Each structure stands twice: as structure tokens, then as C-alpha cells.
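Next comes structure-v6.pdb, with PDB, C-alpha atoms.
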MODEL        1
ATOM      1  CA  MET A   1       9.134  11.014  -4.209  1.00  0.00           C
ATOM      2  CA  GLN A   2       7.094   9.634  -1.345  1.00  0.00           C
ATOM      3  CA  TYR A   3       6.426   5.933  -0.832  1.00  0.00           C
ATOM      4  CA  TRP A   4       3.504   4.165   0.796  1.00  0.00           C
ATOM      5  CA  LEU A   5       2.049   0.783   1.628  1.00  0.00           C
ATOM      6  CA  VAL A   6      -1.652   0.018   1.167  1.00  0.00           C
ATOM      7  CA  LYS A   7      -3.184  -3.118   2.627  1.00  0.00           C
ATOM      8  CA  GLN A   8      -6.142  -5.145   1.452  1.00  0.00           C
ATOM      9  CA  GLU A   9      -7.463  -8.633   2.026  1.00  0.00           C
ATOM     10  CA  PRO A  10      -7.086 -10.412  -1.323  1.00  0.00           C
ATOM     11  CA  GLU A  11     -10.588 -11.917  -0.991  1.00  0.00           C
ATOM     12  CA  ASP A  12     -11.972  -8.362  -1.058  1.00  0.00           C
ATOM     13  CA  TYR A  13      -9.676  -6.857  -3.701  1.00  0.00           C
ATOM     14  CA  SER A  14      -6.421  -8.428  -4.826  1.00  0.00           C
ATOM     15  CA  TRP A  15      -3.382  -7.364  -6.819  1.00  0.00           C
ATOM     16  CA  ASP A  16      -4.742  -9.458  -9.696  1.00  0.00           C
ATOM     17  CA  ASP A  17      -7.974  -7.439  -9.522  1.00  0.00           C
ATOM     18  CA  LEU A  18      -5.992  -4.186  -9.734  1.00  0.00           C
ATOM     19  CA  GLU A  19      -4.005  -5.437 -12.717  1.00  0.00           C
ATOM     20  CA  LYS A  20      -7.209  -6.542 -14.456  1.00  0.00           C
ATOM     21  CA  ASP A  21      -9.053  -3.277 -13.686  1.00  0.00           C
ATOM     22  CA  GLY A  22      -6.071  -1.023 -14.416  1.00  0.00           C
ATOM     23  CA  ARG A  23      -7.263   1.461 -11.799  1.00  0.00           C
ATOM     24  CA  THR A  24      -9.311   1.556  -8.623  1.00  0.00           C
ATOM     25  CA  ALA A  25     -10.574   3.983  -6.024  1.00  0.00           C
ATOM     26  CA  TRP A  26      -8.976   3.210  -2.654  1.00  0.00           C
ATOM     27  CA  THR A  27     -12.067   3.667  -0.491  1.00  0.00           C
ATOM     28  CA  GLY A  28     -13.400   2.540   2.853  1.00  0.00           C
ATOM     29  CA  VAL A  29     -10.488   3.663   5.057  1.00  0.00           C
ATOM     30  CA  ARG A  30     -11.871   4.666   8.471  1.00  0.00           C
ATOM     31  CA  ASN A  31      -8.770   5.187  10.591  1.00  0.00           C
ATOM     32  CA  PHE A  32      -7.594   8.686  11.513  1.00  0.00           C
ATOM     33  CA  GLN A  33      -3.861   8.039  10.939  1.00  0.00           C
ATOM     34  CA  ALA A  34      -4.592   6.308   7.620  1.00  0.00           C
ATOM     35  CA  ARG A  35      -6.759   9.320   6.671  1.00  0.00           C
ATOM     36  CA  ILE A  36      -3.792  11.634   7.242  1.00  0.00           C
ATOM     37  CA  ASN A  37      -1.643   9.338   5.086  1.00  0.00           C
ATOM     38  CA  LEU A  38      -4.194   9.244   2.250  1.00  0.00           C
ATOM     39  CA  ARG A  39      -4.337  13.044   2.249  1.00  0.00           C
ATOM     40  CA  ALA A  40      -0.530  13.213   2.031  1.00  0.00           C
ATOM     41  CA  MET A  41      -0.351  11.032  -1.087  1.00  0.00           C
ATOM     42  CA  LYS A  42       0.587  12.845  -4.275  1.00  0.00           C
ATOM     43  CA  LYS A  43      -0.011  11.881  -7.879  1.00  0.00           C
ATOM     44  CA  GLY A  44       2.926   9.764  -9.055  1.00  0.00           C
ATOM     45  CA  ASN A  45       3.902   8.504  -5.582  1.00  0.00           C
ATOM     46  CA  LEU A  46       4.520   4.760  -5.427  1.00  0.00           C
ATOM     47  CA  ALA A  47       2.879   2.354  -3.004  1.00  0.00           C
ATOM     48  CA  PHE A  48       3.442  -1.258  -2.143  1.00  0.00           C
ATOM     49  CA  PHE A  49       0.278  -3.350  -2.484  1.00  0.00           C
ATOM     50  CA  TYR A  50       0.093  -5.676   0.514  1.00  0.00           C
ATOM     51  CA  HIS A  51      -2.202  -8.680   0.827  1.00  0.00           C
ATOM     52  CA  SER A  52      -3.333  -8.838   4.447  1.00  0.00           C
ATOM     53  CA  GLY A  53      -5.343 -11.641   6.050  1.00  0.00           C
ATOM     54  CA  GLN A  54      -3.922 -15.116   5.537  1.00  0.00           C
ATOM     55  CA  GLU A  55      -1.273 -14.132   2.960  1.00  0.00           C
ATOM     56  CA  LYS A  56       0.508 -11.272   4.771  1.00  0.00           C
ATOM     57  CA  GLN A  57       2.839 -10.312   1.919  1.00  0.00           C
ATOM     58  CA  VAL A  58       3.830  -7.433  -0.333  1.00  0.00           C
ATOM     59  CA  VAL A  59       2.849  -8.459  -3.861  1.00  0.00           C
ATOM     60  CA  GLY A  60       3.114  -5.425  -6.123  1.00  0.00           C
ATOM     61  CA  VAL A  61       3.897  -1.758  -6.686  1.00  0.00           C
ATOM     62  CA  ALA A  62       1.105   0.683  -7.478  1.00  0.00           C
ATOM     63  CA  THR A  63       1.096   4.370  -8.322  1.00  0.00           C
ATOM     64  CA  ILE A  64      -1.163   7.126  -7.066  1.00  0.00           C
ATOM     65  CA  LEU A  65      -3.237   8.279 -10.038  1.00  0.00           C
ATOM     66  CA  LYS A  66      -5.541  10.768  -8.292  1.00  0.00           C
ATOM     67  CA  GLU A  67      -4.920  12.611  -5.056  1.00  0.00           C
ATOM     68  CA  ALA A  68      -7.325  12.639  -2.103  1.00  0.00           C
ATOM     69  CA  TYR A  69     -10.976  13.387  -2.782  1.00  0.00           C
ATOM     70  CA  PRO A  70     -14.137  12.705  -0.730  1.00  0.00           C
ATOM     71  CA  ASP A  71     -14.691   8.964  -0.325  1.00  0.00           C
ATOM     72  CA  PRO A  72     -17.973   8.158  -2.091  1.00  0.00           C
ATOM     73  CA  THR A  73     -18.547   5.218   0.276  1.00  0.00           C
ATOM     74  CA  ALA A  74     -18.512   7.411   3.412  1.00  0.00           C
ATOM     75  CA  THR A  75     -22.004   8.010   4.755  1.00  0.00           C
ATOM     76  CA  GLU A  76     -20.771  10.355   7.478  1.00  0.00           C
ATOM     77  CA  GLY A  77     -17.569  12.111   8.411  1.00  0.00           C
ATOM     78  CA  ASP A  78     -14.738  13.538   6.362  1.00  0.00           C
ATOM     79  CA  TRP A  79     -13.014  10.522   4.781  1.00  0.00           C
ATOM     80  CA  PRO A  80     -10.788  10.638   1.703  1.00  0.00           C
ATOM     81  CA  ALA A  81     -10.107   8.192  -1.105  1.00  0.00           C
ATOM     82  CA  VAL A  82      -7.343   8.103  -3.724  1.00  0.00           C
ATOM     83  CA  ASP A  83      -7.138   6.339  -7.066  1.00  0.00           C
ATOM     84  CA  ILE A  84      -4.322   3.865  -7.644  1.00  0.00           C
ATOM     85  CA  GLY A  85      -3.103   1.870 -10.621  1.00  0.00           C
ATOM     86  CA  PRO A  86      -0.704  -1.043 -11.030  1.00  0.00           C
ATOM     87  CA  VAL A  87       2.958  -0.485 -11.881  1.00  0.00           C
ATOM     88  CA  LYS A  88       4.537  -3.911 -11.494  1.00  0.00           C
ATOM     89  CA  ALA A  89       4.012  -7.202  -9.708  1.00  0.00           C
ATOM     90  CA  LEU A  90       6.913  -8.258  -7.514  1.00  0.00           C
ATOM     91  CA  LYS A  91       8.946 -11.146  -8.957  1.00  0.00           C
ATOM     92  CA  LYS A  92       8.823 -12.745  -5.517  1.00  0.00           C
ATOM     93  CA  PRO A  93       6.293 -11.643  -2.887  1.00  0.00           C
ATOM     94  CA  VAL A  94       7.874 -10.437   0.356  1.00  0.00           C
ATOM     95  CA  THR A  95       6.181 -11.903   3.430  1.00  0.00           C
ATOM     96  CA  LEU A  96       5.596 -10.137   6.711  1.00  0.00           C
ATOM     97  CA  ALA A  97       7.921 -12.678   8.346  1.00  0.00           C
ATOM     98  CA  GLU A  98      10.694 -11.686   5.904  1.00  0.00           C
ATOM     99  CA  VAL A  99      10.094  -7.998   6.607  1.00  0.00           C
ATOM    100  CA  LYS A 100      10.252  -8.579  10.367  1.00  0.00           C
ATOM    101  CA  ALA A 101      13.496 -10.562   9.980  1.00  0.00           C
ATOM    102  CA  GLN A 102      15.283  -7.653   8.258  1.00  0.00           C
ATOM    103  CA  LYS A 103      17.003  -5.238  10.638  1.00  0.00           C
ATOM    104  CA  PRO A 104      16.695  -2.278   8.202  1.00  0.00           C
ATOM    105  CA  LEU A 105      12.894  -2.803   8.123  1.00  0.00           C
ATOM    106  CA  GLN A 106      12.266  -2.995  11.874  1.00  0.00           C
ATOM    107  CA  GLU A 107      10.945   0.572  12.003  1.00  0.00           C
ATOM    108  CA  MET A 108       8.397   0.123   9.214  1.00  0.00           C
ATOM    109  CA  LYS A 109       4.832   1.030  10.189  1.00  0.00           C
ATOM    110  CA  LEU A 110       3.885  -2.413   8.827  1.00  0.00           C
ATOM    111  CA  VAL A 111       5.871  -3.865  11.740  1.00  0.00           C
ATOM    112  CA  ARG A 112       5.219  -1.157  14.355  1.00  0.00           C
ATOM    113  CA  GLN A 113       1.550  -0.395  13.622  1.00  0.00           C
ATOM    114  CA  SER A 114       0.429  -3.586  11.947  1.00  0.00           C
ATOM    115  CA  ARG A 115      -3.272  -2.690  11.812  1.00  0.00           C
ATOM    116  CA  LEU A 116      -2.689   0.550   9.881  1.00  0.00           C
ATOM    117  CA  SER A 117      -4.118   0.090   6.363  1.00  0.00           C
ATOM    118  CA  VAL A 118      -2.269   2.972   4.693  1.00  0.00           C
ATOM    119  CA  SER A 119       1.226   3.804   5.889  1.00  0.00           C
ATOM    120  CA  PRO A 120       4.341   5.671   4.783  1.00  0.00           C
ATOM    121  CA  VAL A 121       7.470   3.812   3.679  1.00  0.00           C
ATOM    122  CA  THR A 122      10.902   5.435   3.593  1.00  0.00           C
ATOM    123  CA  SER A 123      12.910   5.374   0.377  1.00  0.00           C
ATOM    124  CA  SER A 124      15.494   3.028   1.945  1.00  0.00           C
ATOM    125  CA  GLN A 125      12.729   0.654   3.122  1.00  0.00           C
ATOM    126  CA  PHE A 126      11.163   0.770  -0.335  1.00  0.00           C
ATOM    127  CA  GLU A 127      14.461  -0.097  -2.043  1.00  0.00           C
ATOM    128  CA  HIS A 128      15.198  -2.836   0.498  1.00  0.00           C
ATOM    129  CA  ILE A 129      11.869  -4.570  -0.144  1.00  0.00           C
ATOM    130  CA  LEU A 130      12.400  -4.324  -3.908  1.00  0.00           C
ATOM    131  CA  ARG A 131      15.797  -6.045  -3.466  1.00  0.00           C
ATOM    132  CA  LEU A 132      14.204  -8.801  -1.349  1.00  0.00           C
ATOM    133  CA  ALA A 133      11.622  -9.260  -4.101  1.00  0.00           C
ATOM    134  CA  GLY A 134      14.267  -9.383  -6.841  1.00  0.00           C
ATOM    135  CA  THR A 135      12.393  -6.589  -8.590  1.00  0.00           C
ATOM    136  CA  SER A 136      13.573  -3.364 -10.194  1.00  0.00           C
ATOM    137  CA  LEU A 137      11.399  -0.545 -11.438  1.00  0.00           C
TER     138      LEU A 137
ENDMDL
END
Could you express the structure from this file as C-alpha cells?
Amino acid sequence: MQYWLVKQEPEDYSWDDLEKDGRTAWTGVRNFQARINLRAMKKGNLAFFYHSGQEKQVVGVATILKEAYPDPTATEGDWPAVDIGPVKALKKPVTLAEVKAQKPLQEMKLVRQSRLSVSPVTSSQFEHILRLAGTSL
């Protein structure tokens, strides 16, 4: 199992929107490292849904429903999209400040490469954030 973190400003598309829709295409990513990460996602992988912008917190767990395919919003270049669906909202959102305060999470891409919109998460980091959130899957 691979784990990921996807970031979105809640004003543009929030966790509540994903829960209401049941599924969405994760489009519009235009960063080369994030592109590599999108292409590495496999159906059934889990991803933290992170509200960026003012909130800066992990709010839910999503699953990859469809592996990388050409992003329909890309007018030029070779950019992928994936489809994701909600699994579970976190009982307690985990803020960026909380993540940064945890020694086991210091190497997370969320901390090291904060502008990266799609990033890998190790299994130990994934479990640690679930414990902070008081959430089990």
C-alpha cells in the first residue's frame, strides 16, 4: 500500500465537497514532481486530504479510484489527473503546526517541500497522523 497527501484550498474544493460529490477528478496539477507522484498513484492507495490556504490542516482520508490519465483541463503539455473518493473524515483535523511539532513527521514532504500539492507519505507517517487525529480506518 502506498500513501499520499493531496492539497487543495477549501474555497476551491473542500473535503465537504468531496464527501457530497462522492468522487472527483484531481486535475490542474502543474508541477513536475507532483506529476511524477500522480503517475505513481495506484487504485486503492490512500491519501490524506489537506486543506491549504488559511486552514493548513489534514481533514480526511481519500482513496484513489482511477489511476493517472490525461488531465482534461491541460491545454498543453503532458499532465495527468487521477480520480479520488472519500474514505473517512478525521475525527480531529491535524494542523500543519501539529505536524511540524512531531519529531516522527519532520521528514514529511508537507514539511520539507511545503508547496508540493501531491506528495508521498510513508506508512509510519500515515499511521502517526491517524493517531493524532484520533481516527482509525
query = So which residues fall inside 10 Å of (13.2, -1.9, -11.3) if we count only C-alpha atoms? Mind giving them as a list in words?
reply =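 All residues meeting the 10 Å criterion around (13.2, -1.9, -11.3) are Lys88, Leu90, Glu127, Leu130, Arg131, Gly134, Thr135, Ser136 and Leu137 of chain A.
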query = Which is closest to Thr73 (chain A) among A:Gln102, A:Arg30, A:Lys91, A:Met1, if we use all atoms listed in the file?
reply = A:Arg30
ask   = Hey, what comes out of the PyMOL selection byres ((chain A and resi 87) around 12) on this file? Could you write it as a list in words?
value = Trp15, Leu18, Glu19, Gly22, Arg23, Gly44, Asn45, Leu46, Ala47, Phe48, Phe49, Val59, Gly60, Val61, Ala62, Thr63, Ile64, Leu65, Ile84, Gly85, Pro86, Lys88, Ala89, Leu90, Thr135, Ser136 and Leu137 of chain A
Given the selection you just returned, output its residues as a file containing C-alpha atoms, formatted as a PDB file, in the frame of the given file.
ATOM      1  CA  TRP A  15      -3.382  -7.364  -6.819  1.00  0.00           C
ATOM      2  CA  LEU A  18      -5.992  -4.186  -9.734  1.00  0.00           C
ATOM      3  CA  GLU A  19      -4.005  -5.437 -12.717  1.00  0.00           C
ATOM      4  CA  GLY A  22      -6.071  -1.023 -14.416  1.00  0.00           C
ATOM      5  CA  ARG A  23      -7.263   1.461 -11.799  1.00  0.00           C
ATOM      6  CA  GLY A  44       2.926   9.764  -9.055  1.00  0.00           C
ATOM      7  CA  ASN A  45       3.902   8.504  -5.582  1.00  0.00           C
ATOM      8  CA  LEU A  46       4.520   4.760  -5.427  1.00  0.00           C
ATOM      9  CA  ALA A  47       2.879   2.354  -3.004  1.00  0.00           C
ATOM     10  CA  PHE A  48       3.442  -1.258  -2.143  1.00  0.00           C
ATOM     11  CA  PHE A  49       0.278  -3.350  -2.484  1.00  0.00           C
ATOM     12  CA  VAL A  59       2.849  -8.459  -3.861  1.00  0.00           C
ATOM     13  CA  GLY A  60       3.114  -5.425  -6.123  1.00  0.00           C
ATOM     14  CA  VAL A  61       3.897  -1.758  -6.686  1.00  0.00           C
ATOM     15  CA  ALA A  62       1.105   0.683  -7.478  1.00  0.00           C
ATOM     16  CA  THR A  63       1.096   4.370  -8.322  1.00  0.00           C
ATOM     17  CA  ILE A  64      -1.163   7.126  -7.066  1.00  0.00           C
ATOM     18  CA  LEU A  65      -3.237   8.279 -10.038  1.00  0.00           C
ATOM     19  CA  ILE A  84      -4.322   3.865  -7.644  1.00  0.00           C
ATOM     20  CA  GLY A  85      -3.103   1.870 -10.621  1.00  0.00           C
ATOM     21  CA  PRO A  86      -0.704  -1.043 -11.030  1.00  0.00           C
ATOM     22  CA  LYS A  88       4.537  -3.911 -11.494  1.00  0.00           C
ATOM     23  CA  ALA A  89       4.012  -7.202  -9.708  1.00  0.00           C
ATOM     24  CA  LEU A  90       6.913  -8.258  -7.514  1.00  0.00           C
ATOM     25  CA  THR A 135      12.393  -6.589  -8.590  1.00  0.00           C
ATOM     26  CA  SER A 136      13.573  -3.364 -10.194  1.00  0.00           C
ATOM     27  CA  LEU A 137      11.399  -0.545 -11.438  1.00  0.00           C
TER      28      LEU A 137
END
inquiry  = Please determine, counting all atoms listed in the file, which residue among A:Gly28, A:Ser119, A:Pro80, A:Val94 has the shortest atom-to-atom distance to Leu5 (chain A).
reply    =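 For Leu5 (chain A), the nearest of the given residues is A:Ser119.
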inquiry  = Using all atoms listed in the file for the distances, tell me which of A:Arg112, A:Lys66, A:Lys42, A:Lys56 is nearest to Glu98 (chain A).
reply    =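 Distance minimum relative to Glu98 (chain A) lands on A:Lys56.
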query = Nearest to Trp26 (chain A): which of A:Asp78, A:Glu107, A:Glu55, A:Asp71 is it, counting only C-alpha atoms?
reply =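 Result for the nearest residue to Trp26 (chain A): A:Asp71.
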